[in-house]
Amino acid sequence: MQATEAPSPLEMRRALSRFASGVTVVTGVDSGEAVGFTCQSFTSVSLEPPLVLFCADRGGRAWPRIRSAGRFCVNVLAEPQADLCGRFGSRRGLRFEGLDWELSRWGTPELPGVLLRVHAEVETVHRAGDHDVVLGRVLALDPGTDDRPMIFYRGDFGVEGSPDEVPGYLWGWSDR
């Protein structure tokens with residue numbers, strides 16, 4: 001058997017961009033300050049007990065603060081919410097400045113106009129490469145709007161774009 005090199009980060013990004021995913025913003029409060037980040041790696045894990053999972057970049061600024069707080073809210077974005085995705089997906093994003101948000105009864109930020117809010121507490125965290133895999137125990141579900149979901153596919157929102165284009169500019173990914 002011949003040894004092969006592992007794929008580069010750019011090769012991984014290009015290949016896995018073919019898997020369409022929803023887009024969420026994970027929020028929390030640490031030391032009285034609202035924090036959050038855009039997250040595509042989110043899924044339901046178990047109905048009994050109710051568990052969800054998301055993956056967070058350990059190098060990010062918001063995740064360590066949410067982890068220490070112990071509770072979070074997953075805000076599932078609707079199709080027209082690219083502005084929220086951009087706010088929380090960029091290192092230079094405005095985050096909560098000028099945004100009309102509310103504090104939930106669980107002490108986590110609820111974003112306006114989302115499809116769903118999943119209120120949870122950190123159950124376990126597993127280290128996986130440069131990310132943490134976070135299992136959260138669901139405390140409550142808060143259905144929001146009935147809009148279409150925001151879809152991230154091939155480095156852009158929606159599935160209408162050219163299959164040859166992978167812009168990546170939205171996340172600071174650039175291979176150009």
# chains A, B, ... in the order shown; residues from 1 in each chain; ligands from 1

call {"tool": "closest_atom_pairs", "arguments": {"of": "segment 82-170 of chain A", "to": "segment 12-27 of chain A", "cutoff": "9 Å", "atoms": "only C-alpha atoms", "output": "JSON lines"}}
result
{"residue": "A:Leu84", "atom": "CA", "partner": "A:Val25", "partner_atom": "CA", "distance": 8.0}
{"residue": "A:Cys85", "atom": "CA", "partner": "A:Val25", "partner_atom": "CA", "distance": 7.2}
{"residue": "A:Phe88", "atom": "CA", "partner": "A:Val25", "partner_atom": "CA", "distance": 6.9}
{"residue": "A:Gly89", "atom": "CA", "partner": "A:Val25", "partner_atom": "CA", "distance": 8.4}
{"residue": "A:Thr108", "atom": "CA", "partner": "A:Thr27", "partner_atom": "CA", "distance": 6.4}
{"residue": "A:Pro109", "atom": "CA", "partner": "A:Thr27", "partner_atom": "CA", "distance": 5.8}
{"residue": "A:Glu110", "atom": "CA", "partner": "A:Thr27", "partner_atom": "CA", "distance": 7.7}
{"residue": "A:Leu111", "atom": "CA", "partner": "A:Val25", "partner_atom": "CA", "distance": 8.5}
{"residue": "A:Pro149", "atom": "CA", "partner": "A:Gly22", "partner_atom": "CA", "distance": 6.8}
{"residue": "A:Met150", "atom": "CA", "partner": "A:Gly22", "partner_atom": "CA", "distance": 5.8}
{"residue": "A:Ile151", "atom": "CA", "partner": "A:Gly22", "partner_atom": "CA", "distance": 4.8}
{"residue": "A:Phe152", "atom": "CA", "partner": "A:Ser21", "partner_atom": "CA", "distance": 5.4}
{"residue": "A:Tyr153", "atom": "CA", "partner": "A:Ala20", "partner_atom": "CA", "distance": 4.6}
{"residue": "A:Arg154", "atom": "CA", "partner": "A:Ser17", "partner_atom": "CA", "distance": 4.3}
{"residue": "A:Gly155", "atom": "CA", "partner": "A:Ser17", "partner_atom": "CA", "distance": 6.2}
{"residue": "A:Gly158", "atom": "CA", "partner": "A:Ala20", "partner_atom": "CA", "distance": 8.7}
{"residue": "A:Val159", "atom": "CA", "partner": "A:Ala20", "partner_atom": "CA", "distance": 8.2}
{"residue": "A:Pro163", "atom": "CA", "partner": "A:Arg18", "partner_atom": "CA", "distance": 9.0}
{"residue": "A:Val166", "atom": "CA", "partner": "A:Arg14", "partner_atom": "CA", "distance": 7.3}

call {"tool": "write_last_selection", "arguments": {"atoms": "C-alpha atoms", "output": "tab-separated table (two decimals), in the first residue's frame"}}
result
chain	number	residue	atom	x	y	z
A	84	LEU	CA	-26.33	38.36	11.08
A	85	CYS	CA	-24.07	35.70	9.62
A	88	PHE	CA	-20.80	36.95	13.86
A	89	GLY	CA	-18.71	35.22	11.21
A	108	THR	CA	-28.26	33.70	26.79
A	109	PRO	CA	-28.74	36.14	23.89
A	110	GLU	CA	-31.68	35.52	21.58
A	111	LEU	CA	-31.28	36.95	18.09
A	149	PRO	CA	-33.38	28.41	6.02
A	150	MET	CA	-30.03	29.99	5.26
A	151	ILE	CA	-27.96	27.43	3.35
A	152	PHE	CA	-24.18	27.55	3.02
A	153	TYR	CA	-22.87	25.71	-0.03
A	154	ARG	CA	-19.57	25.91	-1.91
A	155	GLY	CA	-18.43	28.93	0.04
A	158	GLY	CA	-27.85	29.39	-1.34
A	159	VAL	CA	-27.45	26.73	-4.00
A	163	PRO	CA	-20.74	24.84	-9.28
A	166	VAL	CA	-16.03	28.73	-4.40

call {"tool": "residues_around", "arguments": {"residues": "Glu123 of chain A", "least_positions_apart": "4", "cutoff": "9 Å", "atoms": "only C-alpha atoms", "output": "list in words"}}
result
Leu51, Gly70, Val134, Leu135, Gly136 and Arg137 of chain A

call {"tool": "select_by_dssp", "arguments": {"residues": "chain A", "states": "strand (DSSP E or B)", "output": "count of residues only"}}
result
71

call {"tool": "residues_around", "arguments": {"residues": "Asp83 of chain A", "least_positions_apart": "3", "cutoff": "12 Å", "atoms": "only C-alpha atoms", "output": "list in words"}}
result
Val25, Thr38, Leu77, Ala78, Glu79, Pro80, Gly86, Arg87, Phe88, Gly89, Ser90, Gly93, Leu94, Arg95, Phe96, Leu99, Leu111, Pro112, Gly113, Met150, Phe157 and Leu170 of chain A

call {"tool": "write_last_selection", "arguments": {"atoms": "N, CA and C atoms", "output": "PDB file, in the first residue's frame"}}
result
ATOM      1  N   VAL A  25     -25.932  30.893  14.659  1.00  0.00           N
ATOM      2  CA  VAL A  25     -25.084  31.741  15.489  1.00  0.00           C
ATOM      3  C   VAL A  25     -25.232  31.221  16.910  1.00  0.00           C
ATOM      4  N   THR A  38     -20.608  32.621  14.373  1.00  0.00           N
ATOM      5  CA  THR A  38     -21.316  31.891  13.345  1.00  0.00           C
ATOM      6  C   THR A  38     -20.800  30.456  13.304  1.00  0.00           C
ATOM      7  N   LEU A  77     -30.347  30.486  11.565  1.00  0.00           N
ATOM      8  CA  LEU A  77     -30.610  31.630  10.700  1.00  0.00           C
ATOM      9  C   LEU A  77     -31.556  31.315   9.548  1.00  0.00           C
ATOM     10  N   ALA A  78     -32.347  32.333   9.198  1.00  0.00           N
ATOM     11  CA  ALA A  78     -33.248  32.280   8.048  1.00  0.00           C
ATOM     12  C   ALA A  78     -32.525  32.824   6.818  1.00  0.00           C
ATOM     13  N   GLU A  79     -33.040  32.490   5.652  1.00  0.00           N
ATOM     14  CA  GLU A  79     -32.405  32.854   4.381  1.00  0.00           C
ATOM     15  C   GLU A  79     -32.030  34.338   4.278  1.00  0.00           C
ATOM     16  N   PRO A  80     -32.898  35.267   4.692  1.00  0.00           N
ATOM     17  CA  PRO A  80     -32.527  36.680   4.525  1.00  0.00           C
ATOM     18  C   PRO A  80     -31.600  37.248   5.612  1.00  0.00           C
ATOM     19  N   GLY A  86     -22.761  37.546   8.778  1.00  0.00           N
ATOM     20  CA  GLY A  86     -21.569  38.359   8.611  1.00  0.00           C
ATOM     21  C   GLY A  86     -21.099  39.009   9.900  1.00  0.00           C
ATOM     22  N   ARG A  87     -22.045  39.477  10.711  1.00  0.00           N
ATOM     23  CA  ARG A  87     -21.707  40.101  11.995  1.00  0.00           C
ATOM     24  C   ARG A  87     -20.911  39.152  12.881  1.00  0.00           C
ATOM     25  N   PHE A  88     -21.375  37.908  12.936  1.00  0.00           N
ATOM     26  CA  PHE A  88     -20.796  36.950  13.865  1.00  0.00           C
ATOM     27  C   PHE A  88     -19.753  36.036  13.221  1.00  0.00           C
ATOM     28  N   GLY A  89     -19.639  36.084  11.904  1.00  0.00           N
ATOM     29  CA  GLY A  89     -18.710  35.216  11.206  1.00  0.00           C
ATOM     30  C   GLY A  89     -17.362  35.828  10.903  1.00  0.00           C
ATOM     31  N   SER A  90     -17.239  37.103  11.125  1.00  0.00           N
ATOM     32  CA  SER A  90     -15.997  37.799  10.829  1.00  0.00           C
ATOM     33  C   SER A  90     -15.303  38.196  12.122  1.00  0.00           C
ATOM     34  N   GLY A  93     -16.440  41.550  12.872  1.00  0.00           N
ATOM     35  CA  GLY A  93     -17.879  41.753  12.905  1.00  0.00           C
ATOM     36  C   GLY A  93     -18.328  42.629  14.068  1.00  0.00           C
ATOM     37  N   LEU A  94     -19.452  43.292  13.881  1.00  0.00           N
ATOM     38  CA  LEU A  94     -20.006  44.175  14.893  1.00  0.00           C
ATOM     39  C   LEU A  94     -20.635  43.416  16.053  1.00  0.00           C
ATOM     40  N   ARG A  95     -20.948  42.163  15.848  1.00  0.00           N
ATOM     41  CA  ARG A  95     -21.603  41.312  16.825  1.00  0.00           C
ATOM     42  C   ARG A  95     -22.905  41.952  17.328  1.00  0.00           C
ATOM     43  N   PHE A  96     -22.949  42.344  18.574  1.00  0.00           N
ATOM     44  CA  PHE A  96     -24.194  42.811  19.190  1.00  0.00           C
ATOM     45  C   PHE A  96     -24.410  44.321  19.100  1.00  0.00           C
ATOM     46  N   LEU A  99     -27.616  45.911  17.463  1.00  0.00           N
ATOM     47  CA  LEU A  99     -28.523  44.809  17.134  1.00  0.00           C
ATOM     48  C   LEU A  99     -29.611  44.713  18.198  1.00  0.00           C
ATOM     49  N   LEU A 111     -31.348  36.059  19.240  1.00  0.00           N
ATOM     50  CA  LEU A 111     -31.276  36.946  18.091  1.00  0.00           C
ATOM     51  C   LEU A 111     -32.647  37.068  17.436  1.00  0.00           C
ATOM     52  N   PRO A 112     -32.934  38.234  16.844  1.00  0.00           N
ATOM     53  CA  PRO A 112     -34.260  38.461  16.248  1.00  0.00           C
ATOM     54  C   PRO A 112     -34.434  37.760  14.909  1.00  0.00           C
ATOM     55  N   GLY A 113     -35.679  37.334  14.621  1.00  0.00           N
ATOM     56  CA  GLY A 113     -36.049  36.841  13.308  1.00  0.00           C
ATOM     57  C   GLY A 113     -35.485  35.501  12.881  1.00  0.00           C
ATOM     58  N   MET A 150     -31.260  29.559   5.906  1.00  0.00           N
ATOM     59  CA  MET A 150     -30.028  29.986   5.259  1.00  0.00           C
ATOM     60  C   MET A 150     -29.210  28.727   4.984  1.00  0.00           C
ATOM     61  N   PHE A 157     -23.838  31.572   0.088  1.00  0.00           N
ATOM     62  CA  PHE A 157     -25.187  31.300   0.567  1.00  0.00           C
ATOM     63  C   PHE A 157     -26.067  30.860  -0.584  1.00  0.00           C
ATOM     64  N   LEU A 170     -16.536  35.289   2.232  1.00  0.00           N
ATOM     65  CA  LEU A 170     -17.383  35.551   3.387  1.00  0.00           C
ATOM     66  C   LEU A 170     -16.718  35.181   4.698  1.00  0.00           C
TER      67      LEU A 170
END

call {"tool": "atom_distance", "arguments": {"atom1": "atom CA of Val138 of chain A", "atom2": "atom CA of Glu33 of chain A"}}
result
22.3 Å
